[in-house]
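Okay, model37.cif now, which holds mmCIF, C-alpha atoms:
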data_input
loop_
_atom_site.label_atom_id
_atom_site.label_comp_id
_atom_site.auth_asym_id
_atom_site.auth_seq_id
_atom_site.Cartn_x
_atom_site.Cartn_y
_atom_site.Cartn_z
CA MET A 15 0.00 0.00 0.00
CA ARG A 16 2.92 2.33 0.73
CA ILE A 17 4.13 1.90 -2.86
CA PHE A 18 0.67 2.72 -4.19
CA LYS A 19 0.46 5.89 -2.08
CA ALA A 20 3.74 7.10 -3.60
CA ASP A 21 2.43 6.62 -7.14
CA PRO A 22 0.50 9.24 -9.17
CA SER A 23 -2.30 6.67 -9.51
CA PHE A 24 -3.08 7.08 -5.82
CA LYS A 25 -3.48 10.83 -6.26
CA GLU A 26 -6.01 10.12 -9.01
CA VAL A 27 -8.00 7.93 -6.61
CA VAL A 28 -7.89 10.55 -3.84
CA SER A 29 -8.92 13.35 -6.19
CA SER A 30 -11.84 11.22 -7.39
CA THR A 31 -13.12 10.78 -3.84
CA THR A 32 -12.75 14.43 -2.80
CA ARG A 33 -14.84 15.61 -5.74
CA GLU A 34 -17.90 13.93 -7.21
CA LEU A 35 -17.27 10.21 -6.86
CA ASP A 36 -15.99 8.79 -10.15
CA ASN A 37 -16.05 5.00 -9.80
CA GLU A 38 -14.77 4.36 -13.31
CA ARG A 39 -11.75 6.58 -12.76
CA ILE A 40 -10.97 4.87 -9.45
CA ILE A 41 -11.25 1.39 -10.96
CA GLU A 42 -9.06 2.41 -13.90
CA ALA A 43 -6.34 3.85 -11.65
CA VAL A 44 -6.29 0.86 -9.29
CA THR A 45 -6.37 -1.66 -12.14
CA ARG A 46 -3.55 0.12 -13.96
CA PHE A 47 -1.33 0.17 -10.89
CA PHE A 48 -1.99 -3.36 -9.66
CA GLY A 49 -2.10 -5.02 -13.09
CA TYR A 50 0.13 -8.10 -13.00
CA ALA A 51 1.72 -10.46 -15.51
CA MET A 52 1.54 -14.24 -15.14
CA PHE A 53 4.26 -16.60 -16.36
CA SER A 54 3.48 -19.75 -18.33
CA HIS A 55 6.32 -22.13 -19.15
CA VAL A 56 7.62 -25.67 -18.86
CA TRP A 57 9.88 -26.21 -15.88
CA GLN A 58 13.57 -26.67 -16.70
CA GLY A 59 15.44 -28.52 -13.99
CA ASN A 60 16.16 -26.74 -10.73
CA GLU A 61 13.77 -23.79 -10.94
CA PRO A 62 14.05 -21.03 -8.29
CA SER A 63 11.70 -21.81 -5.42
CA PHE A 64 9.74 -19.69 -2.96
CA GLN A 65 12.48 -20.42 -0.42
CA ASP A 66 15.26 -19.48 -2.87
CA VAL A 67 13.72 -16.09 -3.57
CA GLY A 68 13.22 -15.54 0.14
CA THR A 69 16.98 -15.68 0.75
CA VAL A 70 17.82 -12.75 -1.54
CA LYS A 71 16.79 -9.10 -1.64
CA SER A 72 15.68 -9.35 -5.25
CA VAL A 73 15.31 -11.97 -7.98
CA TRP A 74 18.18 -10.17 -9.70
CA ASP A 75 20.45 -11.43 -6.92
CA LEU A 76 19.76 -15.10 -7.66
CA PRO A 77 22.86 -17.01 -8.83
CA LYS A 78 23.50 -17.35 -12.54
CA ALA A 79 21.67 -20.40 -13.88
CA VAL A 80 19.38 -21.13 -16.83
CA PRO A 81 16.14 -21.25 -14.78
CA ASN A 82 17.07 -18.02 -12.99
CA GLU A 83 17.88 -16.30 -16.29
CA LYS A 84 14.45 -17.36 -17.52
CA LEU A 85 12.87 -15.70 -14.49
CA HIS A 86 14.95 -12.57 -15.07
CA ASN A 87 13.82 -12.37 -18.69
CA PHE A 88 10.21 -12.80 -17.65
CA CYS A 89 10.56 -9.91 -15.21
CA LYS A 90 12.25 -7.73 -17.83
CA GLU A 91 9.48 -8.38 -20.34
CA THR A 92 6.84 -7.77 -17.68
CA ARG A 93 8.39 -4.38 -17.01
CA ARG A 94 8.61 -3.60 -20.72
CA LEU A 95 4.90 -4.29 -21.07
CA GLY A 96 4.18 -1.77 -18.33
CA CYS A 97 3.26 -4.12 -15.47
CA ARG A 98 4.66 -3.51 -11.99
CA TRP A 99 3.95 -7.00 -10.69
CA ALA A 100 5.00 -10.43 -11.93
CA TRP A 101 3.95 -13.91 -10.82
CA SER A 102 5.66 -17.22 -11.54
CA ASP A 103 4.48 -20.57 -10.22
CA THR A 104 8.05 -21.65 -9.49
CA CYS A 105 8.78 -19.05 -6.83
CA CYS A 106 5.47 -17.45 -5.84
CA ILE A 107 3.92 -20.52 -4.21
CA ASP A 108 5.22 -21.99 -0.97
CA LYS A 109 5.02 -25.62 -2.04
CA ALA A 110 6.35 -26.76 1.33
CA THR A 111 3.00 -25.81 2.87
CA SER A 112 0.30 -28.14 1.57
CA SER A 113 -2.62 -25.84 2.41
CA ILE A 114 -1.05 -22.96 0.45
CA LEU A 115 -0.21 -25.26 -2.45
CA ASN A 116 -3.75 -26.66 -2.61
CA GLN A 117 -5.34 -23.22 -2.39
CA SER A 118 -3.03 -21.95 -5.12
CA LEU A 119 -3.89 -24.82 -7.44
CA MET A 120 -7.59 -24.14 -6.92
CA SER A 121 -7.12 -20.41 -7.59
CA MET A 122 -4.84 -20.69 -10.62
CA TYR A 123 -7.50 -20.31 -13.31
CA LYS A 124 -8.83 -17.09 -11.77
CA TRP A 125 -5.33 -15.68 -11.34
CA TYR A 126 -4.58 -16.20 -15.02
CA ALA A 127 -8.00 -14.91 -16.05
CA ASP A 128 -7.57 -11.72 -14.02
CA SER A 129 -4.02 -11.00 -15.18
CA ALA A 130 -3.14 -7.95 -17.24
CA ALA A 131 -1.15 -10.30 -19.45
CA THR A 132 0.18 -13.86 -19.53
CA LEU A 133 3.65 -14.41 -20.96
CA VAL A 134 4.34 -17.82 -22.49
CA PHE A 135 7.97 -18.89 -22.86
CA LEU A 136 8.57 -21.64 -25.42
CA ALA A 137 12.04 -22.86 -24.46
CA GLY A 138 12.21 -25.45 -27.23
CA VAL A 139 11.13 -23.16 -30.06
CA ALA A 140 14.21 -21.89 -31.86
CA HIS A 141 14.55 -18.36 -33.19
CA PRO A 142 13.33 -17.40 -35.70
CA SER A 143 10.13 -19.31 -35.02
CA LYS A 144 8.08 -20.84 -37.83
CA PRO A 145 4.37 -21.62 -38.21
CA GLY A 146 3.64 -24.89 -36.45
CA ASP A 147 6.41 -24.56 -33.86
CA LEU A 148 3.94 -23.59 -31.14
CA ALA A 149 1.60 -26.48 -31.91
CA ARG A 150 4.52 -28.93 -31.75
CA SER A 151 6.08 -27.43 -28.63
CA LEU A 152 6.53 -29.21 -25.31
CA TRP A 153 4.41 -26.47 -23.76
CA MET A 154 1.41 -27.83 -25.65
CA THR A 155 1.78 -31.26 -24.00
CA ARG A 156 1.46 -30.07 -20.40
CA ALA A 157 -1.89 -30.23 -18.59
CA TRP A 158 -1.41 -27.05 -16.56
CA THR A 159 -0.70 -24.94 -19.62
CA LEU A 160 -4.17 -25.60 -21.05
CA GLN A 161 -5.83 -23.26 -18.55
CA GLU A 162 -2.89 -20.89 -18.95
CA LEU A 163 -3.81 -20.67 -22.63
CA LEU A 164 -7.57 -20.42 -22.25
CA ALA A 165 -8.01 -18.24 -19.14
CA PRO A 166 -6.09 -15.03 -20.00
CA LYS A 167 -7.63 -12.25 -22.04
CA VAL A 168 -4.17 -11.08 -23.12
CA ILE A 169 -1.35 -13.47 -23.99
CA TYR A 170 2.11 -13.20 -25.53
CA PHE A 171 4.18 -16.10 -26.88
CA TYR A 172 7.99 -15.98 -26.98
CA ASP A 173 10.56 -18.25 -28.60
CA SER A 174 13.75 -19.49 -26.94
CA GLU A 175 15.41 -16.08 -27.36
CA TRP A 176 12.46 -14.19 -25.90
CA LYS A 177 11.43 -12.86 -29.31
CA PRO A 178 7.70 -12.68 -30.13
CA TYR A 179 6.40 -15.84 -31.76
CA LEU A 180 6.40 -15.58 -35.58
CA GLY A 181 7.81 -12.08 -35.14
CA ASN A 182 4.34 -10.86 -34.18
CA THR A 183 4.94 -7.61 -32.32
CA GLY A 184 1.43 -6.27 -32.88
CA GLY A 185 0.21 -6.77 -29.32
CA ASN A 186 -2.11 -9.33 -27.78
CA HIS A 187 -1.53 -12.65 -29.54
CA LYS A 188 -5.14 -13.64 -28.87
CA GLU A 189 -5.93 -11.09 -31.55
CA SER A 190 -3.66 -12.85 -34.06
CA LEU A 191 -5.78 -15.00 -36.34
CA GLU A 192 -2.68 -16.89 -37.53
CA ILE A 193 -1.57 -17.89 -34.03
CA MET A 194 -5.06 -18.65 -32.76
CA GLN A 195 -5.83 -20.78 -35.82
CA GLU A 196 -2.63 -22.76 -35.28
CA LEU A 197 -3.70 -23.46 -31.71
CA ALA A 198 -7.28 -24.22 -32.71
CA ASP A 199 -6.11 -26.77 -35.27
CA ALA A 200 -3.79 -28.35 -32.70
CA ILE A 201 -6.38 -28.84 -29.96
CA GLU A 202 -9.39 -29.12 -32.28
CA ILE A 203 -11.64 -26.40 -30.92
CA PRO A 204 -12.78 -23.19 -32.67
CA HIS A 205 -10.25 -20.38 -32.40
CA GLY A 206 -13.01 -18.07 -31.17
CA ILE A 207 -13.36 -20.18 -28.03
CA ILE A 208 -9.64 -19.81 -27.32
CA THR A 209 -9.84 -16.06 -27.80
CA THR A 210 -12.78 -15.38 -25.48
CA PHE A 211 -12.93 -18.55 -23.41
CA SER A 212 -15.48 -19.17 -20.68
CA PRO A 213 -15.62 -22.48 -18.74
CA ASP A 214 -19.18 -22.94 -20.02
CA ASP A 215 -17.99 -22.91 -23.63
CA LEU A 216 -16.98 -26.57 -23.59
CA ALA A 217 -18.96 -29.64 -22.63
CA ILE A 218 -17.54 -31.98 -19.99
CA ARG A 219 -16.65 -34.53 -22.68
CA GLU A 220 -14.60 -31.92 -24.55
CA LYS A 221 -12.80 -30.86 -21.38
CA LEU A 222 -11.92 -34.47 -20.61
CA ARG A 223 -10.68 -34.96 -24.17
CA LEU A 224 -8.39 -31.96 -23.93
CA ALA A 225 -7.08 -32.98 -20.51
CA SER A 226 -6.47 -36.61 -21.49
CA ALA A 227 -4.01 -35.60 -24.20
CA ARG A 228 -1.73 -33.77 -21.73
CA ASN A 229 0.69 -34.70 -18.96
CA ALA A 230 0.42 -33.31 -15.44
CA THR A 231 2.72 -33.09 -12.44
CA VAL A 232 2.47 -30.90 -9.33
#

What would the structure in this file look like if it were written as structure tokens?
Amino acid sequence: MRIFKADPSFKEVVSSTTRELDNERIIEAVTRFFGYAMFSHVWQGNEPSFQDVGTVKSVWDLPKAVPNEKLHNFCKETRRLGCRWAWSDTCCIDKATSSILNQSLMSMYKWYADSAATLVFLAGVAHPSKPGDLARSLWMTRAWTLQELLAPKVIYFYDSEWKPYLGNTGGNHKESLEIMQELADAIEIPHGIITTFSPDDLAIREKLRLASARNATV
């Protein structure tokens, strides 16, 4: 809260309450400040944990290692997109506490759905990426990444060098017909459902079909 009070967004909220109450302006200011980016990726070996991050002042102080560099790049891209907050499943969940882990797993869909953006890192997709690379990626075989694809309203895909997938720098990749059609063909559902997904869009049989084709670990 102290950080928010020091930001111009807080002054907007205060000014809105001292004059005629402007709910839309308040919501816009709060949403803009607290907008967060979610990370979607396939784990690569010894990922930084909640405990690892707790031993350093900042993620930038983590020792040099491939998983830590991945986290650094995620944070850099989050900042470039204008978000102040970043969330990664590797280090933002205390997996040593079962109650926290279970609650986090139950909340994951909503967290992704409410994010300002979800950033997808495709470690196995070489740069420059080509059509079909996303559909054939390891990321597409994981069970957890299905909701990480469907839930967000805004999503960005990156190849192994953190360059936008297919060189698409035009913004939200859910607005890219080429990328959405590639995904739709891969999982055999209409691309419109991927773009504006709601849990009610798919019948239970379809959900089971999608889940059965993927691998899951906790």

> So which residues get picked by the PyMOL selection byres ((chain A and resi 137-148) around 6) here, written as a VMD selection string?
Replying inline: chain A and resid 135 to 136 149 to 151 173 to 174 180

> Using all atoms listed in the file, which of A:Leu115, A:Gln58, A:Pro166, A:Leu160 sits nearest A:Ala230?
Replying inline: A:Leu160

> Which residues come within 12 Å of A:Ile201, counting only C-alpha atoms, excluding same-chain residues fewer than 6 positions away, as a PyMOL selection string?
Replying inline: chain A and resi 148-150+154-155+160+163-164+194-195+207-208+220-221+223-228

The selected residues should be written to file as a short mmCIF file (atom, residue, chain, number, x, y, z; two decimals), in the coordinates of the input (atoms: C-alpha atoms).
data_model
loop_
_atom_site.label_atom_id
_atom_site.label_comp_id
_atom_site.auth_asym_id
_atom_site.auth_seq_id
_atom_site.Cartn_x
_atom_site.Cartn_y
_atom_site.Cartn_z
CA LEU A 148 3.94 -23.59 -31.14
CA ALA A 149 1.60 -26.48 -31.91
CA ARG A 150 4.52 -28.93 -31.75
CA MET A 154 1.41 -27.83 -25.65
CA THR A 155 1.78 -31.26 -24.00
CA LEU A 160 -4.17 -25.60 -21.05
CA LEU A 163 -3.81 -20.67 -22.63
CA LEU A 164 -7.57 -20.42 -22.25
CA MET A 194 -5.06 -18.65 -32.76
CA GLN A 195 -5.83 -20.78 -35.82
CA ILE A 207 -13.36 -20.18 -28.03
CA ILE A 208 -9.64 -19.81 -27.32
CA GLU A 220 -14.60 -31.92 -24.55
CA LYS A 221 -12.80 -30.86 -21.38
CA ARG A 223 -10.68 -34.96 -24.17
CA LEU A 224 -8.39 -31.96 -23.93
CA ALA A 225 -7.08 -32.98 -20.51
CA SER A 226 -6.47 -36.61 -21.49
CA ALA A 227 -4.01 -35.60 -24.20
CA ARG A 228 -1.73 -33.77 -21.73
#

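For the choices A:Pro178, A:Ala130, A:Ile218, A:Asp103, the atom-to-atom distance to A:Ser118 is smallest for A:Asp103 when using all atoms listed in the file.
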
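Non-sequential neighbours of A:Gly206 (distance at most 12 Å, separation of 6 or more positions within a chain, all atoms listed in the file) are Leu164, Lys188, Glu189, Ser190, Leu191, Ile193, Met194, Gln195, Leu197, Ala198, Asp199, Ser212 and Asp215 of chain A.
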
> Where does the PyMOL selection byres ((chain A and resi 67-84) around 10) land in this file, that is, which residues does it pick, as a PyMOL selection string?
Replying inline: chain A and resi 55+57-66+85-90+104-106+135+137+174-176

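If you look at atom CA of A:Leu152 and atom CA of A:Glu91, they are 21.6 Å away from each other.
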
Please list, as an mmCIF file with C-alpha atoms, in the frame of the given file, the residues that have an atom at most 9 Å away from (-7.8, -23.8, -17.0) in the coordinates of this file, counting all atoms listed in the file.
data_model
loop_
_atom_site.group_PDB
_atom_site.id
_atom_site.type_symbol
_atom_site.label_atom_id
_atom_site.label_comp_id
_atom_site.auth_asym_id
_atom_site.auth_seq_id
_atom_site.Cartn_x
_atom_site.Cartn_y
_atom_site.Cartn_z
ATOM 1 C CA MET A 122 -4.840 -20.690 -10.620
ATOM 2 C CA TYR A 123 -7.500 -20.310 -13.310
ATOM 3 C CA LYS A 124 -8.830 -17.090 -11.770
ATOM 4 C CA TYR A 126 -4.580 -16.200 -15.020
ATOM 5 C CA ALA A 127 -8.000 -14.910 -16.050
ATOM 6 C CA ALA A 157 -1.890 -30.230 -18.590
ATOM 7 C CA TRP A 158 -1.410 -27.050 -16.560
ATOM 8 C CA THR A 159 -0.700 -24.940 -19.620
ATOM 9 C CA LEU A 160 -4.170 -25.600 -21.050
ATOM 10 C CA GLN A 161 -5.830 -23.260 -18.550
ATOM 11 C CA GLU A 162 -2.890 -20.890 -18.950
ATOM 12 C CA LEU A 163 -3.810 -20.670 -22.630
ATOM 13 C CA LEU A 164 -7.570 -20.420 -22.250
ATOM 14 C CA ALA A 165 -8.010 -18.240 -19.140
ATOM 15 C CA PRO A 213 -15.620 -22.480 -18.740
#

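Between atom CA of A:Pro204 and atom CA of A:Leu216 there is a distance of 10.6 Å.
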